[in-house]
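What follows is a set of notes on a single structure, which appears directly below.
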Amino acid sequence: MWERIRAWVELVETFVVEVITEQRRDKVAAAARIFLHGCSKLFQLAVGLRRFLYEVRLFRDTTLGVQVIAIGNLTVGGTGKTPVVEKFARALQDQGRKVAILSRGYRSKPQPFHKWLLNKLFFREDSTPPRVVSDGKSLLLDSEMAGDEPYMLASNLRDVVVLVDKDRVKSGRYAIEKFGCDTLLLDDGFQYWKLRGRRHDIVLVDCQQPFGNGRLLPRGTLREPPSRLDRAHTIFITKSNGNTAELRKRLAELNPKAPIIECVHHPLYLEDVFTGERIGLEYLKDRNVAALSGIAQPQSFEDSLVKLGARLVYAKRFADHHRFTQQEIINVINRSKKRQAAAIITTQKDAVRFPKLDRRDLPIYFLRVEIRIISGAADFQDCVRKICFK
């Protein structure tokens with residue numbers, strides 16, 4: 001049942017993305033944009049009301065007595081948040097902090113439907129403990145149970161606790177009591193007001209699309225108006241192209257106090273999706289390759305392959321967080337072979353959703369990347385020191 005719901009949601013999301021980005025220009029899309037514009041006004045009111053209720057303490061936040069670092073953004077999808085979370089978790093762990101990453105596990109496998117329904121009908125709190133993706137020693141769940149980003153983070157950070165639960169107050173308590181964590185890192189947590197404490201808010205701004213199309217959800221991609229950037233303690237410009245003077249000026253107007261750090265997604269190597277074999281990036285030079293992705297901004301990924309010297313002869317895009325079937329991968333292999341591709345390249349986030357294949361006529365690699373700071377390295381180190389100061 002959940003698989004059918006997931007497929008239906010994916011179709012709706014694809015349609016909505018095409019409507020709000022104006023890729024669809026027909027009458028149905030025009031009518032949908034008018035409807036979504038009205039919904040955006042209601043969404044703006046709801047966001048403002050929610051914030052007001054927290055400010056006047058009708059909605060109560062919770063303090064757990066530990067450091068809380070929230071990493072998030074103003075827009076939905078595609079800012080390159082996961083590598084930034086990884087970089088912070090590694091830096092904090094290296095400075096002696098016991099870190100737990102708390103994720104809501106977007107698109108992870110939900111709890112059984114009957115249990116969810118009973119909880120809703122009888123207004124019961126969910127007493128199920130959070131899902132432990134990693135206990136800081138071992139990877140304990142697959143990507144379907146954990147969600148793409150938590151699984152990817154746990155794979156890359158074997159000594160960091162990674163928990164999944166929509167209630168991050170509950171998962172925070174669990175991290176403290178069960179694993180002795182003293183630092184909670186909220187993945188996609190800028191709008192999560194329920195958990196406060198000694199909190200440091202880090203906001204990511206995509207250099208290519210800093211504020212999306214300038215409209216709030218669901219007509220646009222903004223979760224909050226740009227003015228809400230004034231809550232940030234640190235701002236990260238991701239996917240920087242070095243030409244950011246105007247953007248930096250705009251960000252300084254919105255928040256004159258927060259230091260601005262610029263970073264790029266730096267490619268490290270290629271890794272075979274199935275065997276784990278690693279090869280150098282020189283493999284891509286002057287070679288025909290196909291790109292396969294199910295991410296929010298596939299163009300950025302495909303452009304990176306071209307910058308590394310590859311000849312992109314075929315590109316197949318799926319919806320963000322799409323869970324691939326064996327037949328879909330085989331179809332991509334067949335079409336790639338017809339275009340004389342020597343290999344298929346995907347992202348690490350996509351690779352965690354690959355099924356096992358009965359046949360592999362072409363090698364399939366994912367591009368491993370990390371965050372590299374190109375401006376504001378001293379501000380990053382200062383941010384880490386402030387968090388780690390006891």
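Letters A, B, ... mark the chains of the structure tokens in the order given; residue numbers begin at 1 per chain; ligand numbers begin at 1, in order shown.
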Per DSSP on the backbone, what are the strand (DSSP E or B) residues of range 169-322 of chain A, as a ChimeraX atom specification?
/A:183-187,195,198-206,216,222,234-238,260-272,278-279,288-293,311-317
Go ahead and save the picked residues with C-alpha atoms, as a compact mmCIF listing (two decimals), in the first residue's frame.
```txt
# COMPACT_ATOMS: atom_id res chain seq x y z
CA THR A 183 25.95 17.57 20.72
CA LEU A 184 22.81 17.22 18.61
CA LEU A 185 23.02 18.07 14.93
CA LEU A 186 19.59 18.64 13.38
CA ASP A 187 19.61 17.68 9.72
CA LEU A 195 14.09 21.88 20.21
CA ARG A 198 22.20 26.24 23.36
CA ARG A 199 21.28 26.41 19.68
CA HIS A 200 23.32 27.51 16.68
CA ASP A 201 21.39 27.95 13.41
CA ILE A 202 23.31 27.39 10.17
CA VAL A 203 21.50 28.27 6.94
CA LEU A 204 22.52 27.13 3.47
CA VAL A 205 21.91 29.32 0.43
CA ASP A 206 22.35 27.85 -3.04
CA LEU A 216 6.48 30.60 -0.86
CA LEU A 222 10.54 29.00 -0.22
CA THR A 234 26.10 31.38 10.22
CA ILE A 235 25.33 31.44 6.48
CA PHE A 236 26.80 28.99 3.96
CA ILE A 237 26.78 29.84 0.25
CA THR A 238 26.86 26.43 -1.43
CA ILE A 260 29.20 34.17 5.38
CA ILE A 261 31.13 31.07 4.31
CA GLU A 262 31.42 29.99 0.67
CA CYS A 263 31.93 26.38 -0.37
CA VAL A 264 31.90 24.11 -3.38
CA HIS A 265 31.13 20.45 -3.86
CA HIS A 266 34.55 19.04 -4.55
CA PRO A 267 34.67 15.66 -6.37
CA LEU A 268 36.98 13.07 -4.79
CA TYR A 269 36.72 9.81 -6.75
CA LEU A 270 34.38 7.35 -8.44
CA GLU A 271 33.16 4.27 -6.59
CA ASP A 272 31.49 1.21 -8.08
CA ARG A 278 37.34 3.12 -6.31
CA ILE A 279 38.95 4.74 -9.34
CA ASN A 288 31.53 8.73 -23.19
CA VAL A 289 29.37 8.39 -20.10
CA ALA A 290 25.68 8.37 -19.16
CA ALA A 291 24.26 10.19 -16.14
CA LEU A 292 21.51 8.73 -13.94
CA SER A 293 19.95 10.71 -11.10
CA ARG A 311 31.37 13.43 -22.81
CA LEU A 312 27.77 13.16 -21.63
CA VAL A 313 26.00 11.11 -24.29
CA TYR A 314 22.86 10.26 -22.34
CA ALA A 315 21.13 11.55 -19.20
CA LYS A 316 18.16 9.99 -17.43
CA ARG A 317 16.42 11.91 -14.68
```
Would you please extract all alpha helix (DSSP H) residues from range 174-265 of chain A, as assigned by DSSP on the backbone, and give them as a list in words?
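Assigned to alpha helix (DSSP H), within range 174-265 of chain A: Tyr174, Ala175, Ile176, Glu177, Lys178, Phe179, Ala245, Glu246, Leu247, Arg248, Lys249, Arg250, Leu251, Ala252, Glu253 and Leu254 of chain A.
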Write the residues of the preceding selection, restricted to C-alpha atoms, as a compact mmCIF listing (two decimals), in the first residue's frame.
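Heads up, here's the output in result-v3.txt:
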```
# COMPACT_ATOMS: atom_id res chain seq x y z
CA TYR A 174 17.41 8.93 23.19
CA ALA A 175 20.82 10.05 21.90
CA ILE A 176 21.72 11.55 25.26
CA GLU A 177 20.46 8.68 27.43
CA LYS A 178 21.50 5.70 25.30
CA PHE A 179 24.70 6.94 23.66
CA ALA A 245 29.40 39.79 -4.72
CA GLU A 246 25.73 40.65 -5.34
CA LEU A 247 24.49 37.65 -3.38
CA ARG A 248 26.78 38.44 -0.43
CA LYS A 249 25.49 42.03 -0.45
CA ARG A 250 21.90 40.79 -0.38
CA LEU A 251 22.62 38.34 2.44
CA ALA A 252 24.39 41.04 4.47
CA GLU A 253 21.31 43.25 4.13
CA LEU A 254 19.09 40.43 5.42
```
At a cut-off of 10 Å, using only C-alpha atoms, what residues contact Pro130 in chain A? Leave out same-chain residues fewer than 5 positions from it and give the result as an mmCIF file with N, CA and C atoms, in the first residue's frame.
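Below you can see part_15.cif, which holds the result:
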```
data_model
loop_
_atom_site.group_PDB
_atom_site.id
_atom_site.type_symbol
_atom_site.label_atom_id
_atom_site.label_comp_id
_atom_site.auth_asym_id
_atom_site.auth_seq_id
_atom_site.Cartn_x
_atom_site.Cartn_y
_atom_site.Cartn_z
ATOM 1 N N LEU A 102 20.386 14.008 14.039
ATOM 2 C CA LEU A 102 18.960 13.720 14.159
ATOM 3 C C LEU A 102 18.270 14.118 12.856
ATOM 4 N N SER A 103 17.660 13.146 12.202
ATOM 5 C CA SER A 103 16.991 13.383 10.924
ATOM 6 C C SER A 103 15.532 12.958 11.029
ATOM 7 N N ARG A 104 14.682 13.602 10.272
ATOM 8 C CA ARG A 104 13.285 13.164 10.223
ATOM 9 C C ARG A 104 13.115 12.001 9.255
ATOM 10 N N VAL A 162 23.554 8.201 14.300
ATOM 11 C CA VAL A 162 22.551 8.758 13.381
ATOM 12 C C VAL A 162 21.190 8.158 13.734
ATOM 13 N N LEU A 163 20.238 9.024 14.066
ATOM 14 C CA LEU A 163 18.899 8.586 14.461
ATOM 15 C C LEU A 163 17.852 9.214 13.550
ATOM 16 N N VAL A 164 16.752 8.477 13.349
ATOM 17 C CA VAL A 164 15.658 8.953 12.505
ATOM 18 C C VAL A 164 14.360 8.941 13.294
ATOM 19 N N ASP A 165 13.704 10.102 13.356
ATOM 20 C CA ASP A 165 12.389 10.219 13.964
ATOM 21 C C ASP A 165 11.860 11.613 13.663
ATOM 22 N N LYS A 166 10.569 11.722 13.373
ATOM 23 C CA LYS A 166 9.992 13.041 13.133
ATOM 24 C C LYS A 166 10.033 13.893 14.391
ATOM 25 N N ASP A 167 9.927 13.265 15.562
ATOM 26 C CA ASP A 167 10.003 13.969 16.837
ATOM 27 C C ASP A 167 11.459 13.998 17.279
ATOM 28 N N ARG A 168 12.124 15.108 16.999
ATOM 29 C CA ARG A 168 13.554 15.163 17.301
ATOM 30 C C ARG A 168 13.847 15.530 18.749
ATOM 31 N N LYS A 170 12.292 13.688 21.045
ATOM 32 C CA LYS A 170 12.363 12.294 21.487
ATOM 33 C C LYS A 170 13.688 11.649 21.082
ATOM 34 N N SER A 171 14.096 11.845 19.821
ATOM 35 C CA SER A 171 15.349 11.223 19.373
ATOM 36 C C SER A 171 16.554 11.875 20.039
ATOM 37 N N GLY A 172 16.437 13.173 20.386
ATOM 38 C CA GLY A 172 17.521 13.835 21.108
ATOM 39 C C GLY A 172 17.705 13.249 22.501
ATOM 40 N N TYR A 174 16.893 10.283 23.393
ATOM 41 C CA TYR A 174 17.410 8.927 23.192
ATOM 42 C C TYR A 174 18.922 8.964 22.961
ATOM 43 N N ALA A 175 19.378 9.921 22.176
ATOM 44 C CA ALA A 175 20.818 10.046 21.897
ATOM 45 C C ALA A 175 21.606 10.348 23.162
#
```
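Nearest to Gly276 in chain A of all the residues A:Arg368, A:Lys337, A:Lys239, A:Arg24 is A:Arg368, counting only C-alpha atoms.
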